Amino acid sequence: MDNNTFILSKKVINISLIMIAIGLISLAYGYFGGLGAGRIAANILMNTFYFLGIALIGLFFVAVHAIAESGWQVSVQRIGEAMSRFIPVGGILLLALFSLGGLSSLYEWTHTEHLDAILLKKVGYLNVPFFMIRFFIYFAGWIILAWLIRKTSLKLDVDGDKFYFNRLRTVSAIFIVFYAVTSVTSSFDWLMSIDAHWFSTLYGWYVFSSMLASGTAVIIILLYVLKRMGYMTHVNAEHVHDLGKYLFGFSIFWAYLWFSQYMLIWYANIPEETVYFYTRLKYFNTIFFLNLVLNLAVPLLVLMTRNSKRMFAVLLPVSVVVFIGHWIDMYQIVMPGVVGKEAGIGLLEIGLTVGYAGLFILVFFHSLSKAPLVPKNHPYFKESIEYHTNY
Amino acid sequence: MSKFISAYYHDEEDLIKGVRQIRNQGIEPADVRTPFPVHGLDKAMGMKRSRLTRVAFAGGAIGGLIGFFFQAWVFTVAYPINFGGKPFFAVPSFMPVTFEMTVLFAAFSMVIAFFIHNKLGPGAKTIIYDEQVTDDRFQILIEADDLDEPEQQRIEKALKEAGAQGIQLTS
């Protein structure tokens with residue numbers, strides 16, 4: 001079998017189509033089962049943002065290593081590039097949600113006729129026209145830069161021309177700067193404005209670190225799936241080790257930001273700030289602490305030793321746990337503000353997530369089949385293969 | 001002071017090859033000295049993984065526990081003060097100090113363990129068998145205290161075959 005080209009098999013397409021069908025069925029169940037527009041909109045927002053974040057981290061992974069001129073990641077670079085192809089899909093889904101009435105069921109500030117004093121002060125930023133303008137700016141930037149990075153990377157693969165190597169670095173640097181701002185403001189727009197009275201300046205980084213951890217977990221899971229299919233044979237324990245280190249580090253980074261946000265609000269004890277944690281601790285108690293166990297305790301304790309980062313037998317279950325854990329994190333970000341104490345995890349929540357995962361892997365594998373799987377002509381490809389890490 | 005057979009190399013590629021070759025003949029070098037870190041030398045020498053990480057874990061765990069329980073004792077038993085209506089046993093406010101103590105103890109225990117194990121630190125005597133090793137030469141040291149004459153000759157012959165560019169007895 002030729003290892004260099006990924007062949008999109010019928011089996012993969014069928015599995016992902018079945019998963020999408022499950023998602024659509026559970027969406028229909030939510031719609032006709034009378035679960036309420038708020039809950040459906042919240043589910044769509046949460047899942048779109050979750051998988052959009054994972055796709056953006058795929059692009060971030062490629063870009064940040066291109067700037068750092070690191071060698072080892074070249075062997076898994078195609079995974080990140082293929083993940084980034086979900087960005088336009090996520091954009092279309094979010095646009096559909098916002099234009100089909102999602103705005104009014106999700107965001108309190110869109111009801112301009114009864115705004116209180118606090119929300120009236122925020123009208124300059126939180127109004128529907130400016131919100132949509134920002135939406136299009138984010139997606140225009142992300143899609144164009146993702147396309148440029150992918151195109152440059154493929155051209156670099158033709159003959160390893162140094163010109164494209166430098167251009168990849170330039171485009172990546174532009175993306176990093178753009179994403180540094182937009183990752184914060186987009187999470188302000190789409191997630192923090194659900195609780196429009198509340199604010200936290202750390203919020204954007206907190207959401208970004210959550211995306212970093214879940215995105216890394218997805219890279220590891222997809223790498224494992226590809227290896228099981230017989231591809232990516234050039235990726236060895238050294239590369240897996242580094243991805244494991246990322247998962248370990250980013251999980252701690254997430255906990256650091258989670259705690260920084262929590263402790264300051266807890267310590268200051270100002271009502272307009274504590275309201276955020278009040279609802280979560282009162283009605284989402286289990287979810288709130290489960291979040292910490294899955295996203296901090298499990299990766300911290302299990303991935304601490306060197307061997308556990310090098311073996312898929314340990315790393316893969318932890319990645320799955322972190323993937324689920326950050327889904328729960330996203331759940332406790334979105335649900336309390338939109339649905340309140342009636343929120344639950346039922347068929348709609350789980351089914352829709354399965355549907356989104358199906359859509360994601362369909363886009364991912366389709367994009368993966370479009371380019372050679374091994375960037376053999378990348379200037380750092382040899383370095384990547386001979387790479388070894390001690391600790 | 002022990003006696004050593006020392007062999008010189010001028011090139012690190014030859015050195016790694018030489019180390020592999022003498023180890024294949026059952027001669028274990030006591031130490032290999034180089035002017036700069038040589039990639040792959042650890043593997044060629046068959047060195048085991050450092051146990052320093054375990055020291056770090058133990059140190060970090062001790063530091064974290066001391067940090068946490070010292071604060072718990074101070075703020076509940078020894079000198080309870082009401083801070084903004086918070087409970088005396090307020091776990092979130094203990095976390096930064098606990099974290100810092102974990103990092104501090106892990107780092108210090110590693111440095112101290114490293115110094116003790118390698119007999120380094122302030123006042124330690126530097127043992128350099130050959131000044132050239134600090135500049136441009138690589139040196140393999142083989143312990144020669146308990147070696148009889150034929151055994152010593154065997155080792156010297158093996159070293160010569162392994163490409164050593166100069167062999168001598170040092171002490």
# chains A, B, ... in the order shown; residues from 1 in each chain; ligands from 1

call {"tool": "residues_around", "arguments": {"residues": "range 291-302 of chain A", "least_positions_apart": "6", "cutoff": "7 Å", "atoms": "only C-alpha atoms", "output": "number ranges by chain"}}
result
A: 248, 251-252, 255, 318, 321-322, 325-326, 328-329

call {"tool": "write_last_selection", "arguments": {"atoms": "N, CA and C atoms", "output": "PDB file, in the first residue's frame"}}
result
ATOM      1  N   PHE A 248      -0.076  17.477  28.311  1.00  0.00           N
ATOM      2  CA  PHE A 248       0.210  17.641  29.733  1.00  0.00           C
ATOM      3  C   PHE A 248       0.332  19.127  30.069  1.00  0.00           C
ATOM      4  N   SER A 251      -2.909  21.237  29.574  1.00  0.00           N
ATOM      5  CA  SER A 251      -3.919  20.967  30.597  1.00  0.00           C
ATOM      6  C   SER A 251      -3.609  21.764  31.856  1.00  0.00           C
ATOM      7  N   ILE A 252      -2.303  21.833  32.208  1.00  0.00           N
ATOM      8  CA  ILE A 252      -1.928  22.616  33.383  1.00  0.00           C
ATOM      9  C   ILE A 252      -2.153  24.096  33.106  1.00  0.00           C
ATOM     10  N   ALA A 255      -5.735  24.861  33.584  1.00  0.00           N
ATOM     11  CA  ALA A 255      -6.105  24.911  35.002  1.00  0.00           C
ATOM     12  C   ALA A 255      -5.599  26.197  35.651  1.00  0.00           C
ATOM     13  N   VAL A 318      -6.262   9.098  27.885  1.00  0.00           N
ATOM     14  CA  VAL A 318      -6.196  10.430  28.485  1.00  0.00           C
ATOM     15  C   VAL A 318      -6.677  11.480  27.482  1.00  0.00           C
ATOM     16  N   VAL A 321     -10.342  11.410  27.432  1.00  0.00           N
ATOM     17  CA  VAL A 321     -10.872  12.029  28.653  1.00  0.00           C
ATOM     18  C   VAL A 321     -10.807  13.553  28.542  1.00  0.00           C
ATOM     19  N   VAL A 322      -9.678  14.074  28.048  1.00  0.00           N
ATOM     20  CA  VAL A 322      -9.534  15.529  27.924  1.00  0.00           C
ATOM     21  C   VAL A 322     -10.512  16.071  26.883  1.00  0.00           C
ATOM     22  N   GLY A 325     -13.689  16.113  28.565  1.00  0.00           N
ATOM     23  CA  GLY A 325     -13.618  17.097  29.641  1.00  0.00           C
ATOM     24  C   GLY A 325     -13.803  18.515  29.132  1.00  0.00           C
ATOM     25  N   HIS A 326     -13.193  18.838  28.010  1.00  0.00           N
ATOM     26  CA  HIS A 326     -13.350  20.204  27.508  1.00  0.00           C
ATOM     27  C   HIS A 326     -14.697  20.421  26.841  1.00  0.00           C
ATOM     28  N   ILE A 328     -17.302  19.227  28.291  1.00  0.00           N
ATOM     29  CA  ILE A 328     -18.045  19.570  29.514  1.00  0.00           C
ATOM     30  C   ILE A 328     -17.736  20.995  29.947  1.00  0.00           C
ATOM     31  N   ASP A 329     -16.474  21.414  29.752  1.00  0.00           N
ATOM     32  CA  ASP A 329     -16.103  22.797  30.058  1.00  0.00           C
ATOM     33  C   ASP A 329     -16.938  23.761  29.209  1.00  0.00           C
TER      34      ASP A 329
END

call {"tool": "residues_around", "arguments": {"residues": "range 148-156 of chain B", "least_positions_apart": "2", "cutoff": "8 Å", "atoms": "only C-alpha atoms", "output": "NGL selection string"}}
result
:B and (5 or 27 or 144 or 146 or 158-160 or 167)

call {"tool": "write_last_selection", "arguments": {"atoms": "C-alpha atoms", "output": "mmCIF file, in the first residue's frame"}}
result
data_model
loop_
_atom_site.group_PDB
_atom_site.id
_atom_site.type_symbol
_atom_site.label_atom_id
_atom_site.label_comp_id
_atom_site.auth_asym_id
_atom_site.auth_seq_id
_atom_site.Cartn_x
_atom_site.Cartn_y
_atom_site.Cartn_z
ATOM 1 C CA ILE B 5 43.619 3.972 31.571
ATOM 2 C CA ILE B 27 35.037 -3.357 28.688
ATOM 3 C CA ALA B 144 42.694 0.338 36.270
ATOM 4 C CA ASP B 146 42.494 -3.907 40.231
ATOM 5 C CA ALA B 158 41.211 -3.157 22.421
ATOM 6 C CA LEU B 159 41.342 0.632 22.740
ATOM 7 C CA LYS B 160 43.963 0.872 20.022
ATOM 8 C CA ILE B 167 46.626 5.810 25.395
#

call {"tool": "select_by_dssp", "arguments": {"residues": "chain B", "states": "strand (DSSP E or B)", "output": "VMD selection string"}}
result
chain B and resid 4 to 9 31 to 33 138 to 143 166 to 170

call {"tool": "closest_residue", "arguments": {"among": "A:His239, A:Lys341, A:Arg306, A:Lys370", "to": "chain B", "atoms": "only C-alpha atoms"}}
result
A:Arg306

call {"tool": "interface_residues", "arguments": {"of": "chain B", "to": "chain A", "cutoff": "9 Å", "atoms": "only C-alpha atoms", "output": "MDAnalysis selection string"}}
result
chainID B and resid 49 53 84 86 92:93

call {"tool": "write_last_selection", "arguments": {"atoms": "C-alpha atoms", "output": "JSON list (two decimals), in the first residue's frame"}}
result
[["chain", "number", "residue", "atom", "x", "y", "z"],
["B", 49, "ARG", "CA", 17.81, 7.17, 32.56],
["B", 53, "THR", "CA", 12.91, 13.14, 38.10],
["B", 84, "GLY", "CA", -13.10, 39.89, 54.19],
["B", 86, "LYS", "CA", -13.85, 34.41, 54.24],
["B", 92, "PRO", "CA", -8.51, 28.68, 47.14],
["B", 93, "SER", "CA", -6.40, 31.28, 48.91]]

call {"tool": "closest_residue", "arguments": {"among": "B:Arg137, B:Lys157, B:Arg54, B:Lys17", "to": "Arg33 in chain B", "atoms": "only C-alpha atoms"}}
result
B:Arg137

call {"tool": "residues_around", "arguments": {"residues": "Val55 in chain B", "least_positions_apart": "3", "cutoff": "9 Å", "atoms": "only C-alpha atoms", "output": "number ranges by chain"}}
result
B: 51-52, 58-60, 106, 109-110, 113

call {"tool": "write_last_selection", "arguments": {"atoms": "C-alpha atoms", "output": "PDB file, in the first residue's frame"}}
result
ATOM      1  CA  ARG B  51      16.634   9.203  38.494  1.00  0.00           C
ATOM      2  CA  LEU B  52      16.590  12.939  39.109  1.00  0.00           C
ATOM      3  CA  ALA B  58       9.388  13.639  46.022  1.00  0.00           C
ATOM      4  CA  GLY B  59      10.677  17.169  46.645  1.00  0.00           C
ATOM      5  CA  GLY B  60       7.672  18.736  44.978  1.00  0.00           C
ATOM      6  CA  ALA B 106      11.137  20.424  43.403  1.00  0.00           C
ATOM      7  CA  SER B 109      15.779  19.150  45.721  1.00  0.00           C
ATOM      8  CA  MET B 110      16.903  18.506  42.144  1.00  0.00           C
ATOM      9  CA  ALA B 113      20.532  15.901  44.735  1.00  0.00           C
TER      10      ALA B 113
END

call {"tool": "select_by_dssp", "arguments": {"residues": "range 190-387 of chain A", "states": "helix (DSSP H, G or I)", "output": "JSON, numbers by chain"}}
result
{"A": [190, 192, 193, 194, 195, 203, 204, 205, 206, 207, 208, 209, 210, 211, 212, 213, 214, 215, 216, 217, 218, 219, 220, 221, 222, 223, 224, 225, 226, 227, 228, 237, 238, 239, 240, 241, 242, 243, 244, 245, 246, 247, 248, 249, 250, 251, 252, 253, 254, 255, 256, 257, 258, 259, 260, 261, 262, 263, 264, 265, 266, 267, 268, 271, 272, 273, 274, 275, 276, 277, 278, 279, 280, 281, 282, 283, 285, 286, 287, 288, 289, 290, 291, 292, 293, 294, 295, 296, 297, 298, 299, 300, 301, 302, 306, 307, 308, 309, 310, 312, 313, 314, 315, 316, 317, 318, 319, 320, 321, 322, 323, 324, 325, 326, 327, 328, 329, 330, 331, 332, 333, 334, 335, 336, 337, 338, 340, 341, 342, 347, 348, 349, 350, 351, 352, 353, 354, 355, 356, 357, 358, 359, 360, 361, 362, 363, 364, 365, 366, 367, 368, 381, 382, 383, 384, 385, 386]}

call {"tool": "decode", "arguments": {"residues": "range 22-90 of chain B", "atoms": "C-alpha atoms", "output": "CSV table (one decimal), in the first residue's frame"}}
result
chain,number,residue,atom,x,y,z
B,22,ILE,CA,35.0,-1.6,23.5
B,23,ARG,CA,31.7,-2.2,25.2
B,24,ASN,CA,31.0,-5.0,22.7
B,25,GLN,CA,34.2,-6.6,24.0
B,26,GLY,CA,33.0,-6.4,27.6
B,27,ILE,CA,35.0,-3.4,28.7
B,28,GLU,CA,32.9,-0.8,30.5
B,29,PRO,CA,34.3,2.8,30.5
B,30,ALA,CA,34.2,4.4,33.9
B,31,ASP,CA,33.5,7.8,32.3
B,32,VAL,CA,33.8,9.6,29.0
B,33,ARG,CA,34.8,13.2,29.1
B,34,THR,CA,34.0,15.7,26.3
B,35,PRO,CA,34.4,19.4,25.8
B,36,PHE,CA,30.8,19.7,24.7
B,37,PRO,CA,27.7,17.5,24.8
B,38,VAL,CA,27.8,14.7,22.2
B,39,HIS,CA,24.5,13.5,20.9
B,40,GLY,CA,24.0,9.7,21.1
B,41,LEU,CA,26.9,9.2,23.6
B,42,ASP,CA,24.5,8.4,26.4
B,43,LYS,CA,23.0,5.5,24.3
B,44,ALA,CA,26.5,4.3,23.2
B,45,MET,CA,27.6,4.2,26.8
B,46,GLY,CA,24.5,2.3,27.8
B,47,MET,CA,23.6,4.9,30.5
B,48,LYS,CA,20.4,4.4,32.3
B,49,ARG,CA,17.8,7.2,32.6
B,50,SER,CA,18.5,9.7,35.2
B,51,ARG,CA,16.6,9.2,38.5
B,52,LEU,CA,16.6,12.9,39.1
B,53,THR,CA,12.9,13.1,38.1
B,54,ARG,CA,11.9,10.9,41.1
B,55,VAL,CA,13.8,13.3,43.4
B,56,ALA,CA,11.9,16.1,41.8
B,57,PHE,CA,8.6,14.4,42.4
B,58,ALA,CA,9.4,13.6,46.0
B,59,GLY,CA,10.7,17.2,46.6
B,60,GLY,CA,7.7,18.7,45.0
B,61,ALA,CA,5.2,16.6,46.9
B,62,ILE,CA,6.9,17.4,50.2
B,63,GLY,CA,7.0,21.1,49.4
B,64,GLY,CA,3.4,21.2,48.4
B,65,LEU,CA,2.3,19.4,51.5
B,66,ILE,CA,4.4,21.6,53.8
B,67,GLY,CA,3.0,24.7,52.0
B,68,PHE,CA,-0.6,23.6,52.3
B,69,PHE,CA,-0.6,22.3,55.8
B,70,PHE,CA,1.5,25.1,57.2
B,71,GLN,CA,-1.0,27.7,55.9
B,72,ALA,CA,-3.9,25.5,57.2
B,73,TRP,CA,-2.3,25.4,60.6
B,74,VAL,CA,-1.5,29.2,60.7
B,75,PHE,CA,-4.8,30.4,59.5
B,76,THR,CA,-7.0,28.1,61.6
B,77,VAL,CA,-5.0,27.3,64.8
B,78,ALA,CA,-2.1,29.5,65.4
B,79,TYR,CA,-3.3,33.0,64.3
B,80,PRO,CA,-6.7,33.0,62.8
B,81,ILE,CA,-7.6,36.4,61.2
B,82,ASN,CA,-10.8,37.2,59.4
B,83,PHE,CA,-10.0,38.3,55.8
B,84,GLY,CA,-13.1,39.9,54.2
B,85,GLY,CA,-15.5,37.4,55.8
B,86,LYS,CA,-13.9,34.4,54.2
B,87,PRO,CA,-13.8,31.1,56.2
B,88,PHE,CA,-10.5,30.5,58.1
B,89,PHE,CA,-9.9,27.3,56.2
B,90,ALA,CA,-10.1,28.9,52.7
